[in-house]
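Working notes, beginning with the structure itself.
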Protein chains: 2
Amino acid sequence: MSEMPVYALSDWGTTRFRLWLVDGSGNVLGEKRADDGLDVSRVKGFASVLEGHLASLGAPSNLPVAICGMAGSRQGWVEANYVQVPADLNAILVGAVKLPHMARDVRIIPGLCQSGDGPNVMRGEETQLLGAILDRKLSNGIIAMPGTHSKWVTLEEGRAKSFGTYMTGELYALVSQQSILRHSIQDAADLASPDHPEFVAALKSMLAGGSLLGQLFGIRAAMLLNDLKPEGAASRLSGLLIGAEIAGEKSLLNNRLVLVASGAMAALYGKAFDIAGLDFDLVDADEAVRKGLFVAASSIWPAAKGTSI
Amino acid sequence: MSEMPVYALSDWGTTRFRLWLVDGSGNVLGEKRADDGLDVSRVKGFASVLEGHLASLGAPSNLPVAICGMAGSRQGWVEANYVQVPADLNAILVGAVKLPHMARDVRIIPGLCQSGDGPNVMRGEETQLLGAILDRKLSNGIIAMPGTHSKWVTLEEGRAKSFGTYMTGELYALVSQQSILRHSIQDAADLASPDHPEFVAALKSMLAGGSLLGQLFGIRAAMLLNDLKPEGAASRLSGLLIGAEIAGEKSLLNNRLVLVASGAMAALYGKAFDIAGLDFDLVDADEAVRKGLFVAASSIWPAAKGTSI
């Protein structure tokens with residue numbers, strides 16, 4: 001590296017591990033992506049996974065590391081407690097937990113929780129949310145963060161008021177690969193397309209109040225009776241699930257809507273919002289989580305930022 | 001056996017194989033249940049699975065066999081085509097396919113299919129439906145047959161007019177055993193109880209228009225935050241899925257409702273219908289499919305029935 005990094009930032013989820021080295025302005029000097037998520041890291045050891053990836057990027061031994069995501073869960077490295085909503089997101093900055101017995105300074109950012117009748121938790125998305133809010137100077141609206149467990153946050157006067165979770169991505173994976181629909185989708189699970197007529201038709205049927213549970217099997221029947229092809233089957237399943245997700249949100253029409261997503265997700269959800277007649281702003285998910293992590297690191301170690309060359 | 005059987009009857013599904021030897025009045029003289037469903041039988045060979053179980057019951061070598069279920073699917077023993085709805089169920093009796101190259105007379109009963117905008121298929125439930133209709137002398141109403149793929153049939157003037165499929169049982173198995181909720185449900189998947197407050201609350205929330213996709217993750221959150229126990233988690237998941245299934249049926253209030261189910265299923269769905277304020281008649285699922293198979297066998301081989309001792 002021509003320049004010295006001042007922070008390492010990591011989004012450490014259930015299945016994915018991402019690491020960035022950044023300078024004092026948040027510019028990326030090095031990046032690593034790996035499948036060393038929670039389950040793998042529990043076996044390999046969290047410290048050795050992290051140090052291994054830091055070493056591969058040539059990170060200095062005293063570089064501080066800010067982490068968000070499932071590494072802070074009860075099954076993770078060390079439990080970083082939840083901040084309860086309604087909450088100012090600055091609360092997650094001061095709640096970061098310092099890892100004991102480490103040569104370098106490593107902190108894990110807490111998640112958010114919601115108690116009462118609609119219990120809910122998030123880990124990782126709170127940091128992405130922080131980045132998106134700062135990036136767009138948001139203070140009110142609905143922020144949709146699709147993924148394995150899609151999070152929908154209602155923001156009110158700069159505070160996270162409440163949130164919901166949809167198991168959209170996880171159900172997509174389970175149903176496409178392990179249910180009877182695997183015979184219909186075969187190896188096309190990654191080929192769901194927002195432009196496929198099956199995606200559009202399935203999405204519309206869910207927005208019109210259709211039953212998700214009652215429409216899934218139609219994918220198999222359409223293969224048997226109408227020769228529905230794997231790409232169409234995958235697109236239909238995606239449309240049913242994303243449509244059911246959007247239909248589950250009741251107060252979308254009178255709120256500013258922000259979609260935090262990247263790549264294929266951004267395309268699928270963007271098209272879905274278009275079909276639903278919903279205006280939205282798009283924030284790149286990767287940039288949002290990095291920005292949130294950088295803001296957290298800058299808040300935890302302001303001196304380090306000041307020493308940036 | 002003190003009496004000679006005149007037919008063997010088999011309900012041969014994806015995961016289960018059931019075989020009965022009956023006399024000319026349909027009385028059961030011998031019974032066999034095994035895990036030799038479609039997937040296992042494809043490997044072992046259908047003929048040898050069937051002959052093995054027949055031999056274990058001491059069946060005569062010329063005893064004719066009537067089969068319903070997935071053994072008649074494209075991936076099964078031999079494909080028995082579908083009868084298209086709207087249909088008189090007598091059509092499935094005359095459409096039975098005779099297995100070639102067998103010393104004994106073996107026939108597989110066709111399934112039902114629905115074409116057009118709501119493509120659908122069933123195999124096995126048409127025979128159960130036939131038995132239930134004859135048992136209760138039904139000519140109009142809604143017949144609910146819960147299971148891995150729950151079937152809901154609208155009967156009009158004695159004909160199966162249309163039907164829907166809900167992947168309730170399959171999703172219950174996948175979500176309870178393979179999703180993130182497996183940590184919450186652990187080994188209690190079989191302990192879902194219709195009397196658990198979580199079952200009742202979850203069911204009511206679905207009947208009130210809740211989002212299935214948006215409520216699943218709450219089971220994990222309730223475990224993390226409120227110490228929800230495995231049996232409660234299983235009951236909640238069951239209530240969400242069964243509630244979503246019932247909520248998906250739109251014309252229940254003005255129709256006679258018949259539930260075809262046995263054991264735990266009968267208890268869960270019965271309680272669900274009670275909570276939903278729906279009157280229903282209960283028909284035992286095992287008896288219904290056996291009765292349907294017996295009627296089919298009597299229609300295919302009337303002479304055999306006549307020779308009953």
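Following the order of the structure tokens, chains are lettered A, B, ..., residues in each are numbered from 1, and ligands are numbered from 1.
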Within 6 Å of chain B: residues of chain A, using only C-alpha atoms, as JSON, numbers by chain: {"A": [119, 120, 121, 165, 166, 211, 213, 214, 218, 221, 222, 248]}
After a least-squares superposition on chain B using every in-order C-alpha pair, I'd like chain A written out as an mmCIF file with C-alpha atoms, in the first residue's frame.
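selection-v4.cif, written as the output of this step:
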data_model
loop_
_atom_site.group_PDB
_atom_site.id
_atom_site.type_symbol
_atom_site.label_atom_id
_atom_site.label_comp_id
_atom_site.auth_asym_id
_atom_site.auth_seq_id
_atom_site.Cartn_x
_atom_site.Cartn_y
_atom_site.Cartn_z
ATOM 1 C CA MET A 1 -55.216 -64.751 7.601
ATOM 2 C CA SER A 2 -58.426 -66.542 8.389
ATOM 3 C CA GLU A 3 -60.138 -64.907 5.437
ATOM 4 C CA MET A 4 -58.839 -64.456 1.885
ATOM 5 C CA PRO A 5 -58.253 -60.879 0.714
ATOM 6 C CA VAL A 6 -59.789 -59.842 -2.592
ATOM 7 C CA TYR A 7 -57.833 -56.617 -3.181
ATOM 8 C CA ALA A 8 -54.602 -54.997 -2.129
ATOM 9 C CA LEU A 9 -54.809 -51.207 -1.845
ATOM 10 C CA SER A 10 -51.842 -48.849 -1.669
ATOM 11 C CA ASP A 11 -51.380 -45.137 -0.991
ATOM 12 C CA TRP A 12 -47.883 -44.581 -2.328
ATOM 13 C CA GLY A 13 -46.659 -41.062 -1.699
ATOM 14 C CA THR A 14 -43.421 -39.120 -1.900
ATOM 15 C CA THR A 15 -42.202 -40.230 1.503
ATOM 16 C CA ARG A 16 -44.683 -42.821 2.739
ATOM 17 C CA PHE A 17 -45.912 -46.206 1.518
ATOM 18 C CA ARG A 18 -49.086 -47.766 2.905
ATOM 19 C CA LEU A 19 -50.618 -51.080 1.938
ATOM 20 C CA TRP A 20 -53.840 -52.775 2.996
ATOM 21 C CA LEU A 21 -55.296 -56.178 2.159
ATOM 22 C CA VAL A 22 -59.097 -56.030 2.249
ATOM 23 C CA ASP A 23 -62.003 -58.406 1.832
ATOM 24 C CA GLY A 24 -64.945 -57.949 -0.527
ATOM 25 C CA SER A 25 -66.600 -55.535 1.883
ATOM 26 C CA GLY A 26 -63.521 -53.384 2.359
ATOM 27 C CA ASN A 27 -62.664 -54.765 5.795
ATOM 28 C CA VAL A 28 -58.927 -54.628 6.525
ATOM 29 C CA LEU A 29 -57.298 -58.047 6.789
ATOM 30 C CA GLY A 30 -53.698 -56.873 6.801
ATOM 31 C CA GLU A 31 -51.821 -53.575 6.870
ATOM 32 C CA LYS A 32 -48.269 -52.386 6.243
ATOM 33 C CA ARG A 33 -46.712 -48.926 6.637
ATOM 34 C CA ALA A 34 -43.177 -48.135 5.524
ATOM 35 C CA ASP A 35 -40.899 -45.277 4.540
ATOM 36 C CA ASP A 36 -40.676 -46.686 1.013
ATOM 37 C CA GLY A 37 -41.953 -43.532 -0.645
ATOM 38 C CA LEU A 38 -41.182 -42.382 -4.145
ATOM 39 C CA ASP A 39 -37.531 -41.490 -3.611
ATOM 40 C CA VAL A 40 -36.647 -44.718 -1.838
ATOM 41 C CA SER A 41 -38.631 -46.854 -4.280
ATOM 42 C CA ARG A 42 -36.956 -45.330 -7.321
ATOM 43 C CA VAL A 43 -33.728 -46.780 -5.981
ATOM 44 C CA LYS A 44 -35.037 -50.139 -4.729
ATOM 45 C CA GLY A 45 -37.352 -50.665 -7.684
ATOM 46 C CA PHE A 46 -41.116 -50.203 -7.420
ATOM 47 C CA ALA A 47 -42.075 -53.783 -8.276
ATOM 48 C CA SER A 48 -39.715 -55.281 -5.733
ATOM 49 C CA VAL A 49 -40.859 -52.861 -2.993
ATOM 50 C CA LEU A 50 -44.496 -53.711 -3.664
ATOM 51 C CA GLU A 51 -43.952 -57.477 -3.953
ATOM 52 C CA GLY A 52 -41.847 -57.475 -0.804
ATOM 53 C CA HIS A 53 -44.565 -55.855 1.271
ATOM 54 C CA LEU A 54 -47.273 -58.037 -0.290
ATOM 55 C CA ALA A 55 -45.248 -61.158 0.546
ATOM 56 C CA SER A 56 -44.729 -59.976 4.134
ATOM 57 C CA LEU A 57 -48.523 -59.838 4.496
ATOM 58 C CA GLY A 58 -48.894 -63.292 2.908
ATOM 59 C CA ALA A 59 -50.849 -61.934 -0.076
ATOM 60 C CA PRO A 60 -51.773 -64.459 -2.815
ATOM 61 C CA SER A 61 -49.712 -64.089 -5.982
ATOM 62 C CA ASN A 62 -52.763 -63.249 -8.087
ATOM 63 C CA LEU A 63 -54.214 -60.588 -5.740
ATOM 64 C CA PRO A 64 -54.946 -57.435 -7.741
ATOM 65 C CA VAL A 65 -53.514 -54.132 -6.456
ATOM 66 C CA ALA A 66 -54.987 -50.622 -6.764
ATOM 67 C CA ILE A 67 -52.513 -47.782 -6.115
ATOM 68 C CA CYS A 68 -52.922 -44.030 -5.751
ATOM 69 C CA GLY A 69 -50.361 -41.298 -5.163
ATOM 70 C CA MET A 70 -46.981 -40.227 -6.437
ATOM 71 C CA ALA A 71 -46.162 -43.720 -7.744
ATOM 72 C CA GLY A 72 -48.221 -42.549 -10.726
ATOM 73 C CA SER A 73 -46.169 -39.406 -11.313
ATOM 74 C CA ARG A 74 -43.633 -38.767 -14.033
ATOM 75 C CA GLN A 75 -40.868 -39.619 -11.562
ATOM 76 C CA GLY A 76 -42.828 -42.650 -10.340
ATOM 77 C CA TRP A 77 -43.417 -46.224 -11.448
ATOM 78 C CA VAL A 78 -45.520 -45.485 -14.492
ATOM 79 C CA GLU A 79 -47.183 -42.192 -15.332
ATOM 80 C CA ALA A 80 -50.937 -42.232 -14.845
ATOM 81 C CA ASN A 81 -52.192 -39.113 -16.564
ATOM 82 C CA TYR A 82 -54.264 -36.427 -14.935
ATOM 83 C CA VAL A 83 -58.016 -35.996 -15.195
ATOM 84 C CA GLN A 84 -58.762 -32.324 -15.729
ATOM 85 C CA VAL A 85 -61.157 -30.424 -13.468
ATOM 86 C CA PRO A 86 -64.026 -29.687 -13.507
ATOM 87 C CA ALA A 87 -64.461 -33.451 -13.279
ATOM 88 C CA ASP A 88 -66.733 -36.148 -12.041
ATOM 89 C CA LEU A 89 -64.544 -38.273 -9.788
ATOM 90 C CA ASN A 90 -65.762 -41.429 -11.501
ATOM 91 C CA ALA A 91 -63.379 -40.385 -14.259
ATOM 92 C CA ILE A 92 -60.424 -41.383 -12.108
ATOM 93 C CA LEU A 93 -61.867 -44.871 -11.759
ATOM 94 C CA VAL A 94 -61.939 -45.535 -15.475
ATOM 95 C CA GLY A 95 -58.578 -43.858 -16.062
ATOM 96 C CA ALA A 96 -56.490 -46.263 -13.990
ATOM 97 C CA VAL A 97 -53.325 -47.408 -15.761
ATOM 98 C CA LYS A 98 -52.358 -51.079 -15.815
ATOM 99 C CA LEU A 99 -48.710 -51.861 -15.059
ATOM 100 C CA PRO A 100 -47.056 -53.838 -17.874
ATOM 101 C CA HIS A 101 -44.874 -56.930 -17.318
ATOM 102 C CA MET A 102 -46.374 -57.832 -13.957
ATOM 103 C CA ALA A 103 -47.592 -61.304 -13.053
ATOM 104 C CA ARG A 104 -50.459 -59.793 -11.054
ATOM 105 C CA ASP A 105 -52.901 -57.064 -12.086
ATOM 106 C CA VAL A 106 -51.622 -53.729 -10.716
ATOM 107 C CA ARG A 107 -53.314 -50.418 -11.559
ATOM 108 C CA ILE A 108 -52.440 -46.842 -10.729
ATOM 109 C CA ILE A 109 -55.215 -44.284 -10.357
ATOM 110 C CA PRO A 110 -54.746 -40.971 -12.210
ATOM 111 C CA GLY A 111 -54.457 -37.631 -10.435
ATOM 112 C CA LEU A 112 -56.364 -34.415 -11.027
ATOM 113 C CA CYS A 113 -55.074 -31.352 -12.808
ATOM 114 C CA GLN A 114 -56.277 -27.808 -13.286
ATOM 115 C CA SER A 115 -55.145 -25.833 -16.298
ATOM 116 C CA GLY A 116 -55.286 -22.146 -17.160
ATOM 117 C CA ASP A 117 -54.266 -19.294 -14.896
ATOM 118 C CA GLY A 118 -54.161 -21.350 -11.735
ATOM 119 C CA PRO A 119 -52.294 -24.481 -12.831
ATOM 120 C CA ASN A 120 -52.413 -27.204 -10.228
ATOM 121 C CA VAL A 121 -52.002 -30.946 -9.778
ATOM 122 C CA MET A 122 -52.769 -33.591 -7.174
ATOM 123 C CA ARG A 123 -51.928 -37.277 -6.842
ATOM 124 C CA GLY A 124 -53.385 -39.380 -4.080
ATOM 125 C CA GLU A 125 -55.740 -36.740 -2.669
ATOM 126 C CA GLU A 126 -58.230 -37.376 -5.495
ATOM 127 C CA THR A 127 -58.706 -40.886 -4.087
ATOM 128 C CA GLN A 128 -59.013 -39.560 -0.544
ATOM 129 C CA LEU A 129 -61.502 -37.028 -1.861
ATOM 130 C CA LEU A 130 -63.535 -39.754 -3.539
ATOM 131 C CA GLY A 131 -63.665 -41.686 -0.275
ATOM 132 C CA ALA A 132 -64.691 -38.613 1.729
ATOM 133 C CA ILE A 133 -67.406 -37.665 -0.762
ATOM 134 C CA LEU A 134 -68.890 -41.157 -0.701
ATOM 135 C CA ASP A 135 -68.571 -41.435 3.055
ATOM 136 C CA ARG A 136 -70.472 -38.196 3.675
ATOM 137 C CA LYS A 137 -72.628 -38.213 0.533
ATOM 138 C CA LEU A 138 -71.250 -34.768 -0.304
ATOM 139 C CA SER A 139 -72.211 -32.920 -3.427
ATOM 140 C CA ASN A 140 -71.352 -29.298 -2.563
ATOM 141 C CA GLY A 141 -68.775 -27.688 -0.333
ATOM 142 C CA ILE A 142 -65.098 -27.163 0.364
ATOM 143 C CA ILE A 143 -62.951 -30.156 1.234
ATOM 144 C CA ALA A 144 -59.681 -29.405 3.044
ATOM 145 C CA MET A 145 -57.029 -32.124 2.992
ATOM 146 C CA PRO A 146 -54.043 -30.850 4.984
ATOM 147 C CA GLY A 147 -50.591 -32.341 4.587
ATOM 148 C CA THR A 148 -47.192 -31.799 2.993
ATOM 149 C CA HIS A 149 -49.049 -30.090 0.159
ATOM 150 C CA SER A 150 -52.505 -29.279 1.525
ATOM 151 C CA LYS A 151 -55.281 -29.524 -1.037
ATOM 152 C CA TRP A 152 -58.509 -27.513 -0.910
ATOM 153 C CA VAL A 153 -61.164 -28.693 -3.347
ATOM 154 C CA THR A 154 -64.370 -26.911 -4.272
ATOM 155 C CA LEU A 155 -67.102 -29.456 -4.931
ATOM 156 C CA GLU A 156 -70.141 -28.389 -6.935
ATOM 157 C CA GLU A 157 -73.055 -30.674 -7.764
ATOM 158 C CA GLY A 158 -70.929 -33.724 -7.133
ATOM 159 C CA ARG A 159 -68.071 -32.573 -9.346
ATOM 160 C CA ALA A 160 -64.608 -31.365 -8.384
ATOM 161 C CA LYS A 161 -64.798 -27.847 -9.779
ATOM 162 C CA SER A 162 -61.399 -26.395 -8.839
ATOM 163 C CA PHE A 163 -58.659 -26.778 -6.251
ATOM 164 C CA GLY A 164 -55.704 -25.076 -4.642
ATOM 165 C CA THR A 165 -52.486 -26.259 -3.028
ATOM 166 C CA TYR A 166 -50.700 -24.847 0.033
ATOM 167 C CA MET A 167 -47.155 -26.018 0.721
ATOM 168 C CA THR A 168 -47.882 -25.858 4.445
ATOM 169 C CA GLY A 169 -46.430 -29.158 5.616
ATOM 170 C CA GLU A 170 -43.338 -28.890 3.458
ATOM 171 C CA LEU A 171 -42.616 -25.332 4.599
ATOM 172 C CA TYR A 172 -43.158 -26.366 8.211
ATOM 173 C CA ALA A 173 -40.532 -29.080 7.829
ATOM 174 C CA LEU A 174 -38.068 -26.876 5.940
ATOM 175 C CA VAL A 175 -38.390 -23.855 8.194
ATOM 176 C CA SER A 176 -38.382 -25.785 11.478
ATOM 177 C CA GLN A 177 -35.427 -27.974 10.543
ATOM 178 C CA GLN A 178 -33.290 -25.991 8.118
ATOM 179 C CA SER A 179 -33.856 -22.257 8.515
ATOM 180 C CA ILE A 180 -32.482 -20.013 11.245
ATOM 181 C CA LEU A 181 -35.599 -20.973 13.238
ATOM 182 C CA ARG A 182 -34.143 -24.457 13.781
ATOM 183 C CA HIS A 183 -32.189 -22.955 16.694
ATOM 184 C CA SER A 184 -35.486 -21.858 18.261
ATOM 185 C CA ILE A 185 -37.457 -25.052 17.585
ATOM 186 C CA GLN A 186 -34.640 -27.553 18.110
ATOM 187 C CA ASP A 187 -36.126 -31.040 18.464
ATOM 188 C CA ALA A 188 -39.666 -29.850 19.216
ATOM 189 C CA ALA A 189 -40.937 -29.795 15.618
ATOM 190 C CA ASP A 190 -43.386 -32.614 16.419
ATOM 191 C CA LEU A 191 -44.623 -30.874 19.564
ATOM 192 C CA ALA A 192 -46.678 -28.076 17.992
ATOM 193 C CA SER A 193 -49.836 -27.982 20.066
ATOM 194 C CA PRO A 194 -53.261 -26.544 19.159
ATOM 195 C CA ASP A 195 -53.727 -25.656 22.831
ATOM 196 C CA HIS A 196 -50.536 -23.620 23.161
ATOM 197 C CA PRO A 197 -51.190 -19.859 23.485
ATOM 198 C CA GLU A 198 -48.558 -19.248 20.781
ATOM 199 C CA PHE A 199 -50.528 -21.363 18.303
ATOM 200 C CA VAL A 200 -53.698 -19.428 19.026
ATOM 201 C CA ALA A 201 -52.040 -15.996 18.888
ATOM 202 C CA ALA A 202 -50.179 -16.779 15.655
ATOM 203 C CA LEU A 203 -53.298 -18.169 14.028
ATOM 204 C CA LYS A 204 -55.334 -15.107 14.947
ATOM 205 C CA SER A 205 -52.696 -12.753 13.616
ATOM 206 C CA MET A 206 -52.753 -14.519 10.238
ATOM 207 C CA LEU A 207 -56.564 -14.563 10.119
ATOM 208 C CA ALA A 208 -56.430 -10.813 10.765
ATOM 209 C CA GLY A 209 -54.377 -10.323 7.602
ATOM 210 C CA GLY A 210 -50.839 -10.573 8.964
ATOM 211 C CA SER A 211 -47.866 -11.224 6.684
ATOM 212 C CA LEU A 212 -46.565 -14.795 6.934
ATOM 213 C CA LEU A 213 -43.210 -13.790 5.471
ATOM 214 C CA GLY A 214 -43.006 -10.890 7.915
ATOM 215 C CA GLN A 215 -43.845 -12.866 11.048
ATOM 216 C CA LEU A 216 -41.622 -15.937 10.782
ATOM 217 C CA PHE A 217 -38.477 -14.222 12.057
ATOM 218 C CA GLY A 218 -40.380 -13.031 15.135
ATOM 219 C CA ILE A 219 -40.041 -16.596 16.433
ATOM 220 C CA ARG A 220 -36.270 -16.197 16.608
ATOM 221 C CA ALA A 221 -36.526 -12.728 18.107
ATOM 222 C CA ALA A 222 -38.965 -13.978 20.739
ATOM 223 C CA MET A 223 -36.502 -16.703 21.674
ATOM 224 C CA LEU A 224 -33.611 -14.221 21.971
ATOM 225 C CA LEU A 225 -35.546 -11.480 23.751
ATOM 226 C CA ASN A 226 -38.447 -13.208 25.526
ATOM 227 C CA ASP A 227 -37.046 -16.690 26.118
ATOM 228 C CA LEU A 228 -39.646 -18.388 23.905
ATOM 229 C CA LYS A 229 -39.259 -22.163 24.401
ATOM 230 C CA PRO A 230 -38.996 -24.761 21.599
ATOM 231 C CA GLU A 231 -42.545 -26.082 22.043
ATOM 232 C CA GLY A 232 -43.900 -22.537 21.926
ATOM 233 C CA ALA A 233 -41.779 -21.793 18.869
ATOM 234 C CA ALA A 234 -43.079 -24.913 17.077
ATOM 235 C CA SER A 235 -46.663 -24.059 18.021
ATOM 236 C CA ARG A 236 -46.208 -20.508 16.799
ATOM 237 C CA LEU A 237 -44.776 -21.651 13.451
ATOM 238 C CA SER A 238 -47.653 -24.099 13.048
ATOM 239 C CA GLY A 239 -50.197 -21.381 13.852
ATOM 240 C CA LEU A 240 -48.633 -18.954 11.373
ATOM 241 C CA LEU A 241 -48.635 -21.485 8.528
ATOM 242 C CA ILE A 242 -52.084 -22.967 9.157
ATOM 243 C CA GLY A 243 -53.476 -19.468 9.686
ATOM 244 C CA ALA A 244 -51.961 -18.295 6.395
ATOM 245 C CA GLU A 245 -53.452 -21.353 4.687
ATOM 246 C CA ILE A 246 -56.961 -20.667 5.962
ATOM 247 C CA ALA A 247 -56.640 -16.936 5.256
ATOM 248 C CA GLY A 248 -55.761 -17.827 1.665
ATOM 249 C CA GLU A 249 -59.170 -19.404 1.095
ATOM 250 C CA LYS A 250 -61.654 -16.709 0.214
ATOM 251 C CA SER A 251 -65.092 -18.362 0.076
ATOM 252 C CA LEU A 252 -65.193 -20.368 3.273
ATOM 253 C CA LEU A 253 -68.060 -18.614 4.998
ATOM 254 C CA ASN A 254 -70.869 -19.608 2.660
ATOM 255 C CA ASN A 255 -69.863 -23.192 2.033
ATOM 256 C CA ARG A 256 -70.064 -26.461 3.865
ATOM 257 C CA LEU A 257 -66.546 -27.281 5.059
ATOM 258 C CA VAL A 258 -65.150 -30.792 5.402
ATOM 259 C CA LEU A 259 -61.786 -31.521 7.004
ATOM 260 C CA VAL A 260 -60.107 -34.742 5.899
ATOM 261 C CA ALA A 261 -57.366 -35.394 8.429
ATOM 262 C CA SER A 262 -56.085 -37.790 11.071
ATOM 263 C CA GLY A 263 -54.212 -37.537 14.363
ATOM 264 C CA ALA A 264 -52.200 -34.394 15.096
ATOM 265 C CA MET A 265 -53.297 -32.758 11.821
ATOM 266 C CA ALA A 266 -56.954 -33.200 12.699
ATOM 267 C CA ALA A 267 -56.345 -31.616 16.098
ATOM 268 C CA LEU A 268 -54.388 -28.616 14.747
ATOM 269 C CA TYR A 269 -56.714 -27.836 11.844
ATOM 270 C CA GLY A 270 -59.829 -28.563 13.892
ATOM 271 C CA LYS A 271 -58.730 -26.035 16.505
ATOM 272 C CA ALA A 272 -57.810 -23.567 13.765
ATOM 273 C CA PHE A 273 -61.290 -23.828 12.215
ATOM 274 C CA ASP A 274 -62.851 -23.370 15.648
ATOM 275 C CA ILE A 275 -60.829 -20.206 16.217
ATOM 276 C CA ALA A 276 -61.771 -18.971 12.750
ATOM 277 C CA GLY A 277 -65.431 -19.547 13.609
ATOM 278 C CA LEU A 278 -65.874 -22.127 10.845
ATOM 279 C CA ASP A 279 -68.175 -25.130 11.283
ATOM 280 C CA PHE A 280 -66.818 -28.298 9.740
ATOM 281 C CA ASP A 281 -67.257 -32.048 9.469
ATOM 282 C CA LEU A 282 -64.271 -34.254 10.166
ATOM 283 C CA VAL A 283 -63.497 -37.281 7.997
ATOM 284 C CA ASP A 284 -60.592 -39.526 8.967
ATOM 285 C CA ALA A 285 -57.932 -39.236 6.252
ATOM 286 C CA ASP A 286 -56.694 -42.825 6.498
ATOM 287 C CA GLU A 287 -60.205 -44.214 6.213
ATOM 288 C CA ALA A 288 -61.038 -41.867 3.345
ATOM 289 C CA VAL A 289 -58.117 -42.911 1.166
ATOM 290 C CA ARG A 290 -58.771 -46.605 1.890
ATOM 291 C CA LYS A 291 -62.412 -46.183 1.043
ATOM 292 C CA GLY A 292 -61.539 -44.383 -2.192
ATOM 293 C CA LEU A 293 -59.084 -47.125 -3.131
ATOM 294 C CA PHE A 294 -61.668 -49.794 -2.335
ATOM 295 C CA VAL A 295 -64.279 -48.121 -4.499
ATOM 296 C CA ALA A 296 -61.720 -47.878 -7.301
ATOM 297 C CA ALA A 297 -60.767 -51.562 -6.941
ATOM 298 C CA SER A 298 -64.440 -52.617 -6.832
ATOM 299 C CA SER A 299 -65.050 -50.658 -10.005
ATOM 300 C CA ILE A 300 -61.996 -52.062 -11.829
ATOM 301 C CA TRP A 301 -62.443 -55.687 -10.710
ATOM 302 C CA PRO A 302 -66.116 -56.185 -9.873
ATOM 303 C CA ALA A 303 -65.827 -59.943 -10.374
ATOM 304 C CA ALA A 304 -63.165 -60.249 -7.675
ATOM 305 C CA LYS A 305 -65.431 -58.531 -5.205
ATOM 306 C CA GLY A 306 -68.184 -60.971 -6.159
ATOM 307 C CA THR A 307 -65.978 -63.950 -5.318
ATOM 308 C CA SER A 308 -65.371 -62.784 -1.777
ATOM 309 C CA ILE A 309 -65.841 -65.658 0.640
#
Every residue of region 160-251 of chain A that DSSP places in helix (DSSP H, G or I), as a PyMOL selection string: chain A and resi 168-178+182-185+189-191+197-207+212-215+218-226+230-248
Residues of region 33-251 of chain B in strand (DSSP E), written as JSON, numbers by chain: {"B": [33, 34, 65, 66, 67, 68, 82, 83, 84, 87, 88, 97, 98, 106, 107, 108, 111, 112, 113, 114, 120, 121, 122, 141, 142, 143, 144, 145, 150, 151, 152, 153, 154, 155, 156, 159, 160, 161, 162, 163, 164, 165, 166]}
Written file, previous selection with C-alpha atoms, as a JSON list (two decimals), in the first residue's frame:
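Result written to out-v5.json:
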[["chain", "number", "residue", "atom", "x", "y", "z"],
["B", 33, "ARG", "CA", -46.71, -48.96, 6.64],
["B", 34, "ALA", "CA", -43.18, -48.18, 5.51],
["B", 65, "VAL", "CA", -53.53, -54.14, -6.47],
["B", 66, "ALA", "CA", -54.98, -50.63, -6.78],
["B", 67, "ILE", "CA", -52.51, -47.79, -6.13],
["B", 68, "CYS", "CA", -52.92, -44.05, -5.76],
["B", 82, "TYR", "CA", -54.25, -36.42, -14.94],
["B", 83, "VAL", "CA", -58.00, -35.98, -15.20],
["B", 84, "GLN", "CA", -58.75, -32.31, -15.73],
["B", 87, "ALA", "CA", -64.44, -33.44, -13.27],
["B", 88, "ASP", "CA", -66.73, -36.14, -12.04],
["B", 97, "VAL", "CA", -53.32, -47.42, -15.78],
["B", 98, "LYS", "CA", -52.35, -51.09, -15.83],
["B", 106, "VAL", "CA", -51.63, -53.75, -10.73],
["B", 107, "ARG", "CA", -53.31, -50.42, -11.57],
["B", 108, "ILE", "CA", -52.44, -46.85, -10.74],
["B", 111, "GLY", "CA", -54.43, -37.62, -10.44],
["B", 112, "LEU", "CA", -56.35, -34.42, -11.03],
["B", 113, "CYS", "CA", -55.05, -31.34, -12.81],
["B", 114, "GLN", "CA", -56.27, -27.80, -13.28],
["B", 120, "ASN", "CA", -52.40, -27.19, -10.22],
["B", 121, "VAL", "CA", -51.99, -30.93, -9.78],
["B", 122, "MET", "CA", -52.74, -33.58, -7.18],
["B", 141, "GLY", "CA", -68.76, -27.70, -0.32],
["B", 142, "ILE", "CA", -65.09, -27.16, 0.37],
["B", 143, "ILE", "CA", -62.94, -30.16, 1.25],
["B", 144, "ALA", "CA", -59.68, -29.40, 3.04],
["B", 145, "MET", "CA", -57.02, -32.12, 2.99],
["B", 150, "SER", "CA", -52.48, -29.27, 1.52],
["B", 151, "LYS", "CA", -55.28, -29.52, -1.03],
["B", 152, "TRP", "CA", -58.50, -27.52, -0.91],
["B", 153, "VAL", "CA", -61.15, -28.69, -3.34],
["B", 154, "THR", "CA", -64.35, -26.91, -4.27],
["B", 155, "LEU", "CA", -67.09, -29.45, -4.92],
["B", 156, "GLU", "CA", -70.13, -28.39, -6.94],
["B", 159, "ARG", "CA", -68.05, -32.58, -9.35],
["B", 160, "ALA", "CA", -64.60, -31.37, -8.37],
["B", 161, "LYS", "CA", -64.79, -27.85, -9.77],
["B", 162, "SER", "CA", -61.40, -26.40, -8.83],
["B", 163, "PHE", "CA", -58.65, -26.77, -6.25],
["B", 164, "GLY", "CA", -55.70, -25.07, -4.63],
["B", 165, "THR", "CA", -52.48, -26.26, -3.02],
["B", 166, "TYR", "CA", -50.69, -24.84, 0.02]]
